[in-house]
>>> print(open('upload-v6.tsv').read())   # TSV, C-alpha atoms
chain	number	residue	atom	x	y	z
A	1	MET	CA	73.55	79.51	132.83
A	2	SER	CA	76.20	82.11	131.96
A	3	GLU	CA	75.40	84.99	129.66
A	4	PRO	CA	76.89	84.78	126.12
A	5	LEU	CA	79.70	87.17	125.26
A	6	PRO	CA	78.70	90.25	123.26
A	7	PRO	CA	79.48	89.88	119.51
A	8	GLU	CA	81.99	92.74	119.61
A	9	ILE	CA	84.01	90.94	122.30
A	10	ILE	CA	83.94	87.73	120.25
A	11	ASP	CA	85.14	89.66	117.20
A	12	ARG	CA	87.98	91.14	119.24
A	13	ILE	CA	89.09	87.69	120.35
A	14	LEU	CA	88.97	86.39	116.79
A	15	ASP	CA	91.10	89.33	115.67
A	16	TYR	CA	93.94	87.91	117.77
A	17	LEU	CA	93.63	84.64	115.84
A	18	HIS	CA	93.94	86.27	112.42
A	19	ASN	CA	96.99	84.13	111.46
A	20	ASP	CA	95.71	80.83	112.93
A	21	SER	CA	93.73	79.35	110.05
A	22	GLN	CA	92.99	76.03	111.75
A	23	THR	CA	91.55	77.64	114.88
A	24	LEU	CA	89.50	80.07	112.78
A	25	ALA	CA	88.04	77.15	110.85
A	26	THR	CA	87.00	75.51	114.12
A	27	CYS	CA	85.42	78.76	115.34
A	28	ALA	CA	83.48	79.15	112.09
A	29	ARG	CA	81.94	75.70	112.56
A	30	THR	CA	81.20	76.31	116.24
A	31	SER	CA	78.76	79.22	116.04
A	32	HIS	CA	77.09	81.35	113.41
A	33	VAL	CA	78.09	84.38	115.50
A	34	MET	CA	81.75	83.58	114.85
A	35	LEU	CA	81.29	82.76	111.17
A	36	PRO	CA	81.58	86.23	109.53
A	37	THR	CA	84.74	87.32	111.37
A	38	SER	CA	86.36	83.88	111.14
A	39	ARG	CA	85.65	83.76	107.42
A	40	TYR	CA	87.02	87.27	106.93
A	41	HIS	CA	90.36	86.47	108.59
A	42	ARG	CA	90.70	83.11	106.80
A	43	PHE	CA	89.89	84.26	103.30
A	44	ARG	CA	90.52	88.00	103.05
A	45	ASP	CA	93.91	87.25	101.43
A	46	ILE	CA	93.91	84.29	99.06
A	47	LYS	CA	96.65	82.89	96.84
A	48	LEU	CA	95.85	80.51	94.03
A	49	PHE	CA	96.92	79.02	90.71
A	50	PRO	CA	94.69	79.43	87.62
A	51	ARG	CA	93.71	75.75	87.88
A	52	GLN	CA	92.16	76.47	91.30
A	53	VAL	CA	89.77	79.15	90.00
A	54	PRO	CA	86.90	76.70	89.20
A	55	ALA	CA	86.95	75.44	92.79
A	56	LEU	CA	86.79	79.03	94.07
A	57	LEU	CA	83.84	79.82	91.82
A	58	SER	CA	82.06	76.68	93.01
A	59	LEU	CA	82.55	77.82	96.60
A	60	ILE	CA	81.17	81.27	95.80
A	61	ASP	CA	78.14	79.71	94.07
A	62	SER	CA	77.37	77.63	97.13
A	63	ALA	CA	77.91	80.49	99.62
A	64	PRO	CA	77.48	83.91	97.94
A	65	ASP	CA	78.36	85.82	101.13
A	66	PHE	CA	81.78	84.16	101.03
A	67	ALA	CA	82.85	86.47	98.19
A	68	ARG	CA	82.46	89.53	100.42
A	69	ALA	CA	85.24	88.28	102.70
A	70	ILE	CA	87.87	88.33	99.94
A	71	THR	CA	89.75	91.64	99.77
A	72	SER	CA	93.06	90.53	98.27
A	73	VAL	CA	93.91	88.00	95.55
A	74	LEU	CA	97.32	86.81	94.36
A	75	VAL	CA	97.38	84.63	91.22
A	76	ARG	CA	100.51	82.63	90.41
A	77	PHE	CA	100.66	82.12	86.65
A	78	THR	CA	102.73	79.29	85.22
A	79	ASP	CA	101.84	80.30	81.67
A	80	TRP	CA	99.77	83.03	80.05
A	81	THR	CA	96.44	81.28	79.69
A	82	ASP	CA	93.32	83.02	78.37
A	83	PRO	CA	92.89	86.05	80.70
A	84	GLU	CA	89.12	86.24	80.23
A	85	GLN	CA	88.74	82.64	81.30
A	86	VAL	CA	91.12	82.83	84.27
A	87	LEU	CA	90.30	86.27	85.66
A	88	ALA	CA	86.54	86.53	85.11
A	89	PHE	CA	85.98	85.61	88.76
A	90	LEU	CA	87.33	89.01	89.87
A	91	SER	CA	84.03	90.66	88.92
A	92	ARG	CA	82.30	88.49	91.54
A	93	LEU	CA	84.40	89.82	94.44
A	94	PRO	CA	82.65	93.03	95.58
A	95	ALA	CA	85.16	93.79	98.36
A	96	LEU	CA	88.29	93.21	96.29
A	97	SER	CA	90.82	96.03	96.78
A	98	SER	CA	94.18	94.38	96.06
A	99	PHE	CA	95.35	92.13	93.23
A	100	GLY	CA	98.73	90.51	92.70
A	101	MET	CA	100.14	88.73	89.69
A	102	ILE	CA	103.17	86.41	89.78
A	103	VAL	CA	104.32	86.18	86.20
A	104	PRO	CA	105.70	82.99	84.61
A	105	ALA	CA	109.42	82.85	85.32
A	106	TYR	CA	111.50	85.11	83.09
A	107	GLN	CA	108.62	85.95	80.76
A	108	ARG	CA	107.13	89.29	79.76
A	109	VAL	CA	104.30	90.69	81.84
A	110	SER	CA	101.06	90.29	79.87
A	111	VAL	CA	99.38	93.65	79.32
A	112	GLU	CA	96.32	91.74	78.10
A	113	HIS	CA	95.97	90.24	81.58
A	114	LEU	CA	96.40	93.68	83.18
A	115	ALA	CA	93.63	95.03	80.94
A	116	VAL	CA	91.26	92.26	82.03
A	117	VAL	CA	92.06	92.90	85.70
A	118	ALA	CA	91.36	96.62	85.24
A	119	SER	CA	88.02	95.90	83.55
A	120	LYS	CA	86.87	93.24	86.04
A	121	ALA	CA	87.97	95.16	89.16
A	122	PRO	CA	87.74	98.89	88.34
A	123	ALA	CA	87.77	99.85	92.04
A	124	LEU	CA	91.13	98.17	92.64
A	125	THR	CA	93.38	100.31	94.86
A	126	SER	CA	96.48	98.10	95.12
A	127	LEU	CA	98.39	96.23	92.39
A	128	VAL	CA	101.36	93.88	92.87
A	129	LEU	CA	103.54	92.62	90.00
A	130	CYS	CA	105.98	89.87	90.98
A	131	GLY	CA	108.70	88.30	88.86
A	132	PRO	CA	111.24	87.31	87.90
A	133	GLY	CA	109.86	88.83	84.72
A	134	LEU	CA	110.17	91.80	82.43
A	135	ILE	CA	108.09	94.42	80.63
A	136	THR	CA	108.84	97.32	78.32
A	137	ALA	CA	108.44	100.83	79.72
A	138	PRO	CA	105.68	101.81	77.22
A	139	LEU	CA	103.63	98.70	78.01
A	140	LEU	CA	104.03	99.21	81.77
A	141	LEU	CA	102.73	102.78	81.63
A	142	SER	CA	99.98	101.74	79.22
A	143	GLY	CA	98.85	98.96	81.54
A	144	LEU	CA	98.96	101.08	84.70
A	145	SER	CA	97.03	103.94	83.10
A	146	MET	CA	93.96	101.66	82.96
A	147	PHE	CA	93.74	101.45	86.78
A	148	ARG	CA	92.00	104.72	87.59
A	149	ALA	CA	91.43	104.01	91.30
A	150	LEU	CA	94.95	102.73	91.98
A	151	ASN	CA	96.57	104.04	95.16
A	152	GLU	CA	99.48	101.62	95.67
A	153	LEU	CA	101.83	99.85	93.25
A	154	SER	CA	104.38	97.18	94.15
A	155	LEU	CA	107.05	95.98	91.72
A	156	GLN	CA	109.06	92.91	92.77
A	157	ALA	CA	111.78	91.45	90.54
A	158	ILE	CA	110.32	93.11	87.44
A	159	ASP	CA	112.91	94.32	84.94
A	160	VAL	CA	111.79	97.25	82.81
A	161	VAL	CA	113.16	97.37	79.26
A	162	PHE	CA	113.48	100.73	77.53
A	163	PRO	CA	113.05	100.17	73.77
A	164	SER	CA	114.10	102.54	71.02
A	165	GLU	CA	110.68	104.20	70.79
A	166	ASP	CA	109.74	107.05	73.07
A	167	VAL	CA	108.24	106.33	76.48
A	168	PRO	CA	104.61	107.56	76.48
A	169	TYR	CA	104.82	109.87	79.49
A	170	ASN	CA	101.81	111.70	78.04
A	171	LEU	CA	99.54	108.84	79.18
A	172	GLU	CA	97.42	109.89	82.14
A	173	PRO	CA	98.64	108.12	85.31
A	174	PRO	CA	96.24	106.88	88.00
A	175	PRO	CA	95.20	110.13	89.70
A	176	HIS	CA	95.33	108.69	93.21
A	177	LEU	CA	98.63	106.77	92.97
A	178	ARG	CA	100.47	107.78	96.16
A	179	ARG	CA	102.35	104.67	97.32
A	180	LEU	CA	105.16	102.83	95.54
A	181	LYS	CA	107.09	99.74	96.66
A	182	SER	CA	110.13	98.57	94.73
A	183	GLN	CA	112.28	95.48	95.22
A	184	GLU	CA	114.80	94.24	92.66
A	185	SER	CA	113.05	96.28	89.98
A	186	ASP	CA	114.17	99.25	87.92
A	187	GLY	CA	110.61	100.43	87.33
A	188	ALA	CA	110.41	102.78	90.33
A	189	PRO	CA	112.34	105.68	88.73
A	190	LEU	CA	110.10	105.38	85.66
A	191	ILE	CA	106.92	105.63	87.75
A	192	SER	CA	108.30	108.52	89.80
A	193	HIS	CA	109.21	110.49	86.69
A	194	TRP	CA	105.84	109.69	85.09
A	195	LEU	CA	103.96	111.15	88.03
A	196	GLU	CA	106.20	114.23	88.08
A	197	THR	CA	105.37	115.06	84.46
A	198	HIS	CA	101.66	115.36	85.30
A	199	PRO	CA	100.89	118.35	87.53
A	200	THR	CA	97.37	117.03	88.13
A	201	THR	CA	98.81	114.30	90.39
A	202	SER	CA	100.09	115.11	93.86
A	203	GLY	CA	103.08	112.76	93.50
A	204	LEU	CA	104.32	109.93	95.69
A	205	GLN	CA	103.75	110.28	99.41
A	206	TYR	CA	104.97	106.84	100.50
A	207	LEU	CA	108.05	105.14	99.04
A	208	GLN	CA	109.51	101.76	99.97
A	209	HIS	CA	112.74	100.78	98.24
A	210	THR	CA	115.03	97.78	98.73
A	211	VAL	CA	118.79	98.18	98.32
A	212	VAL	CA	120.74	95.03	97.51
A	213	ASP	CA	123.51	96.35	95.27
A	214	PRO	CA	124.85	99.71	93.98
A	215	ARG	CA	122.29	99.79	91.16
A	216	ASP	CA	119.48	99.87	93.71
A	217	ALA	CA	121.22	102.62	95.67
A	218	MET	CA	121.68	104.72	92.52
A	219	GLN	CA	118.00	104.26	91.63
A	220	LEU	CA	116.92	105.70	94.97
A	221	CYS	CA	119.28	108.63	94.55
A	222	GLY	CA	117.84	109.21	91.07
A	223	MET	CA	114.27	109.15	92.37
A	224	ALA	CA	115.17	111.84	94.89
A	225	THR	CA	115.27	114.35	92.03
A	226	THR	CA	111.62	113.68	91.18
A	227	CYS	CA	109.87	112.81	94.44
A	228	ALA	CA	111.98	114.04	97.36
A	229	ASN	CA	109.70	117.05	97.83
A	230	THR	CA	106.50	114.97	98.04
A	231	VAL	CA	107.45	111.76	99.89
A	232	LYS	CA	106.31	112.02	103.51
A	233	HIS	CA	106.90	108.42	104.54
A	234	LEU	CA	110.07	106.64	103.42
A	235	GLU	CA	111.07	103.04	104.07
A	236	VAL	CA	114.46	101.77	102.89
A	237	VAL	CA	115.33	98.10	103.24
A	238	PHE	CA	119.03	97.24	103.07
A	239	ILE	CA	119.79	93.60	102.24
A	240	PRO	CA	123.37	93.72	100.95
A	241	GLU	CA	124.72	90.60	99.31
A	242	GLY	CA	128.00	91.20	101.14
A	243	ARG	CA	129.09	94.17	103.20
A	244	MET	CA	127.08	97.37	103.34
A	245	ALA	CA	129.96	99.28	101.78
A	246	ASP	CA	129.74	97.05	98.71
A	247	ALA	CA	126.00	97.69	98.32
A	248	LEU	CA	126.53	101.48	98.34
A	249	ARG	CA	129.77	101.56	96.35
A	250	ASP	CA	130.08	104.41	93.79
A	251	SER	CA	126.45	105.44	94.33
A	252	ASP	CA	126.85	108.71	96.29
A	253	PHE	CA	124.00	107.40	98.42
A	254	SER	CA	122.26	109.93	100.64
A	255	LEU	CA	118.79	110.46	102.09
A	256	SER	CA	119.32	114.15	102.79
A	257	PRO	CA	117.37	115.31	99.68
A	258	PHE	CA	114.14	113.94	101.21
A	259	GLN	CA	113.10	117.11	103.00
A	260	ALA	CA	109.34	116.48	103.24
A	261	LEU	CA	109.61	113.41	105.47
A	262	GLU	CA	107.36	112.95	108.47
A	263	SER	CA	108.54	109.40	109.19
A	264	CYS	CA	111.36	107.17	108.01
A	265	THR	CA	111.94	103.45	108.53
A	266	LEU	CA	115.38	101.95	107.95
A	267	ARG	CA	115.66	98.16	107.86
A	268	PHE	CA	119.06	96.45	107.83
A	269	ALA	CA	119.65	92.73	107.20
A	270	PHE	CA	123.30	91.81	107.70
A	271	GLY	CA	124.61	88.27	107.29
A	272	GLU	CA	127.08	88.74	110.13
A	273	MET	CA	126.88	88.87	113.89
A	274	CYS	CA	126.07	92.04	115.82
A	275	VAL	CA	129.62	92.58	117.07
A	276	ALA	CA	132.10	95.43	116.91
A	277	GLN	CA	133.98	93.72	114.07
A	278	ASN	CA	130.91	93.98	111.81
A	279	GLU	CA	131.88	96.96	109.65
A	280	SER	CA	128.38	97.19	108.17
A	281	LEU	CA	127.00	98.37	111.53
A	282	LYS	CA	128.84	101.67	111.07
A	283	SER	CA	126.48	102.58	108.25
A	284	ILE	CA	123.47	102.81	110.61
A	285	PRO	CA	124.37	106.08	112.41
A	286	THR	CA	125.76	107.46	109.14
A	287	ILE	CA	122.45	106.99	107.34
A	288	VAL	CA	120.45	108.23	110.33
A	289	SER	CA	122.51	111.43	110.22
A	290	GLN	CA	121.33	112.02	106.63
A	291	LEU	CA	117.74	112.48	107.81
A	292	THR	CA	117.42	116.24	108.22
A	293	ALA	CA	113.82	116.92	107.17
A	294	PRO	CA	112.38	119.68	109.41
A	295	SER	CA	109.02	117.90	109.84
A	296	LEU	CA	110.50	114.47	110.62
A	297	ARG	CA	108.75	113.05	113.70
A	298	THR	CA	109.69	109.35	113.84
A	299	ILE	CA	112.75	107.36	112.80
A	300	THR	CA	112.48	103.56	113.04
A	301	VAL	CA	115.51	101.29	112.76
A	302	ALA	CA	115.14	97.51	112.46
A	303	LEU	CA	118.21	95.29	112.51
A	304	VAL	CA	118.43	91.57	111.76
A	305	VAL	CA	121.70	89.67	111.93
A	306	ASP	CA	123.08	86.17	112.22
A	307	ASN	CA	122.77	85.44	115.94
A	308	ILE	CA	124.42	82.01	115.44
A	309	GLU	CA	121.48	80.35	117.18
A	310	ASP	CA	121.37	77.45	114.73
A	311	LEU	CA	124.85	75.95	114.78
A	312	ARG	CA	123.98	73.69	111.85
A	313	SER	CA	124.51	76.67	109.54
A	314	LEU	CA	128.21	76.67	110.43
A	315	ASN	CA	128.58	73.16	109.04
A	316	SER	CA	126.53	73.67	105.88
A	317	GLU	CA	128.36	73.61	102.56
A	318	CYS	CA	126.60	76.80	101.42
A	319	ALA	CA	127.08	78.60	104.77
A	320	VAL	CA	123.36	79.41	104.90
A	321	ARG	CA	122.68	82.30	107.24
A	322	ASN	CA	119.68	82.13	109.55
A	323	LEU	CA	118.92	85.79	110.24
A	324	SER	CA	116.78	87.01	113.12
A	325	PRO	CA	116.25	90.29	114.98
A	326	ALA	CA	119.36	91.45	116.81
A	327	TYR	CA	119.35	91.20	120.59
A	328	PHE	CA	119.09	94.51	122.38
A	329	GLU	CA	122.10	93.81	124.58
A	330	ASP	CA	124.22	93.14	121.46
A	331	MET	CA	123.21	96.50	119.99
A	332	ARG	CA	125.40	98.22	122.55
A	333	VAL	CA	128.13	97.96	119.89
A	334	LEU	CA	126.35	100.58	117.78
A	335	ASP	CA	127.93	104.04	117.87
A	336	TRP	CA	125.36	105.58	120.19
A	337	GLU	CA	127.26	108.83	120.55
A	338	LEU	CA	127.08	109.34	116.80
A	339	ILE	CA	123.40	108.33	116.81
A	340	ALA	CA	122.72	110.89	119.54
A	341	LYS	CA	124.50	113.56	117.52
A	342	ALA	CA	122.51	112.60	114.40
A	343	LEU	CA	119.20	112.78	116.28
A	344	ALA	CA	120.13	116.18	117.68
A	345	GLY	CA	120.40	117.48	114.12
A	346	ALA	CA	117.46	115.56	112.65
A	347	GLY	CA	114.91	118.25	112.01
A	348	GLU	CA	115.26	121.82	113.13
A	349	GLY	CA	111.64	122.98	113.08
A	350	PRO	CA	109.09	123.00	115.89
A	351	GLU	CA	107.99	119.51	114.82
A	352	SER	CA	111.43	117.94	114.83
A	353	THR	CA	112.17	114.28	115.60
A	354	ARG	CA	110.23	113.16	118.65
A	355	ARG	CA	110.83	109.42	118.58
A	356	PHE	CA	113.63	107.02	117.67
A	357	VAL	CA	112.30	103.45	117.55
A	358	LEU	CA	114.74	100.55	117.63
A	359	GLU	CA	113.37	97.08	116.85
A	360	GLY	CA	115.05	94.00	118.25
A	361	GLN	CA	114.50	91.14	120.69
A	362	GLY	CA	115.44	90.06	124.18
A	363	ASP	CA	116.00	91.93	127.44
A	364	LYS	CA	115.99	95.71	126.98
A	365	ARG	CA	117.44	96.69	130.35
A	366	THR	CA	121.13	96.32	129.49
A	367	LEU	CA	120.87	98.50	126.38
A	368	ASP	CA	118.69	101.01	128.21
A	369	SER	CA	121.37	101.38	130.91
A	370	HIS	CA	124.09	101.67	128.27
A	371	ILE	CA	122.28	104.54	126.53
A	372	ARG	CA	121.71	106.28	129.84
A	373	GLU	CA	125.41	106.11	130.69
A	374	CYS	CA	126.98	107.00	127.33
A	375	CYS	CA	124.32	109.45	126.05
A	376	PRO	CA	122.69	111.06	129.11
A	377	THR	CA	121.30	113.98	127.11
A	378	LEU	CA	119.67	111.71	124.57
A	379	TYR	CA	118.30	109.50	127.34
A	380	SER	CA	116.87	112.44	129.26
A	381	LEU	CA	114.88	113.55	126.20
A	382	GLY	CA	113.06	110.21	126.13
A	383	LEU	CA	113.44	109.90	122.36
A	384	VAL	CA	114.52	106.25	122.25
A	385	SER	CA	111.92	103.48	122.31
A	386	LEU	CA	113.03	99.84	122.32
A	387	VAL	CA	110.37	97.70	120.65
A	388	ASN	CA	110.22	93.92	120.24
A	389	ALA	CA	110.09	92.88	116.59
A	390	GLN	CA	106.88	91.03	115.72
A	391	LYS	CA	107.32	87.55	114.24
A	392	GLU	CA	104.45	88.02	111.80
A	393	ASP	CA	106.13	91.15	110.41
A	394	ARG	CA	109.08	89.27	108.89
A	395	TRP	CA	110.51	91.47	106.12
A	396	TRP	CA	113.96	89.96	105.42
>>> encode(input="upload-v6.tsv", output="structure tokens")
Amino acid sequence: MSEPLPPEIIDRILDYLHNDSQTLATCARTSHVMLPTSRYHRFRDIKLFPRQVPALLSLIDSAPDFARAITSVLVRFTDWTDPEQVLAFLSRLPALSSFGMIVPAYQRVSVEHLAVVASKAPALTSLVLCGPGLITAPLLLSGLSMFRALNELSLQAIDVVFPSEDVPYNLEPPPHLRRLKSQESDGAPLISHWLETHPTTSGLQYLQHTVVDPRDAMQLCGMATTCANTVKHLEVVFIPEGRMADALRDSDFSLSPFQALESCTLRFAFGEMCVAQNESLKSIPTIVSQLTAPSLRTITVALVVDNIEDLRSLNSECAVRNLSPAYFEDMRVLDWELIAKALAGAGEGPESTRRFVLEGQGDKRTLDSHIRECCPTLYSLGLVSLVNAQKEDRWW
């Protein structure tokens, strides 16, 4: 009879199945040794409607240890029902660290619900507000000030309205708020300025911002005046509705003010092919050249394009684009000489740029040979790393 595998080896195997819910369910029923890890991967992130809360509570009543597996909850509200009734279950989740709220379409974010979340989960470190919805600036700051352990805030499709009354910047912000993610929301500049007005906070250290149109680009430029000296890790996602030039039009966009960076990730989603005629590709080396922070160690560039792999999109009435990571061999059309020049000037201190990561898919050898031939100095430094994009990390 063979010896059973050690529990730590079993846990390692189950870690590779973290996205396979059906297999994890089978493993959980197979052996009590597999139950804790299988349960953790299946239920650590749950999404539910308010009507599903009673079923969740019933499950917790029948298996109290189940609650310890839940670390993240996202509630999709269709209307603003009684917050005490809907959100009381949060107090029964001892491991809860992240909470997300999808607001009813085009309605105001309920501060009453935020207050209940803050009271039921005082140790919450991550908060996500998803729209489309809106909230006034005073109510947003008032609601966030109740989350004293908050470390990360994500605003997605939340419009912030600035009323005639003064914005209460005197409210004490969460003392540990360091990370901010913003997509289709004008709340990021408000949060950045709020933190700057309080010297007791250390300011933002991680910033993720999505640029779709010139308004988004101008918001990031505006935030540079308040957080450029504190942000160490910057991630900018470019998803232009048309050409890249249209998304940056009249914005004076530049990343050069961010002089405290240690890493920067640039993600580009272009609805065209990766060919020389794609004018948007020219923006990649231009933006890379704006990264001049002396302590910058890693620059990551991810590019997704229309590889025309699904020919049905060509016949669709709406011309739906099916984007996927660009093939490495196609990325030979990038201006590698300009990229090499930009990397040579990216950081001038002893801890200057040491790695340029390019995410894509396919055979890397053709692009590797191209870089060696056209940029021998860059190639000899060993700065460039070609990395396959992970399917589970879809961001576009």
>>> atom_distance(input="upload-v6.tsv", atom1="CA of Gln259 (chain A)", atom2="CA of Leu334 (chain A)")
25.8 Å
>>> residues_around(input="upload-v6.tsv", residues="region 269-279 of chain A", least_positions_apart="2", cutoff="6 Å", atoms="all atoms listed in the file", output="ChimeraX atom specification")
/A:239,281-282,304-307,333
>>> closest_residue(input="upload-v6.tsv", among="A:Ser110, A:Ser72, A:Ser164, A:Thr197", to="Gly131 (chain A)", atoms="all atoms listed in the file")
A:Ser110
>>> closest_residue(input="upload-v6.tsv", among="A:Ala137, A:Glu329, A:Pro189, A:Leu378", to="Thr366 (chain A)", atoms="only C-alpha atoms")
A:Glu329
>>> atom_distance(input="upload-v6.tsv", atom1="CA of Glu392 (chain A)", atom2="CA of Leu303 (chain A)")
15.6 Å
>>> atom_distance(input="upload-v6.tsv", atom1="CA of Arg51 (chain A)", atom2="CA of Phe77 (chain A)")
9.5 Å
>>> residues_around(input="upload-v6.tsv", residues="Thr226 (chain A)", least_positions_apart="4", cutoff="7 Å", atoms="only C-alpha atoms", output="PyMOL selection string")
chain A and resi 192-193+196
>>> residues_around(input="upload-v6.tsv", residues="region 111-118 of chain A", least_positions_apart="6", cutoff="7 Å", atoms="all atoms listed in the file", output="ChimeraX atom specification")
/A:83-84,87,139,143,146-147
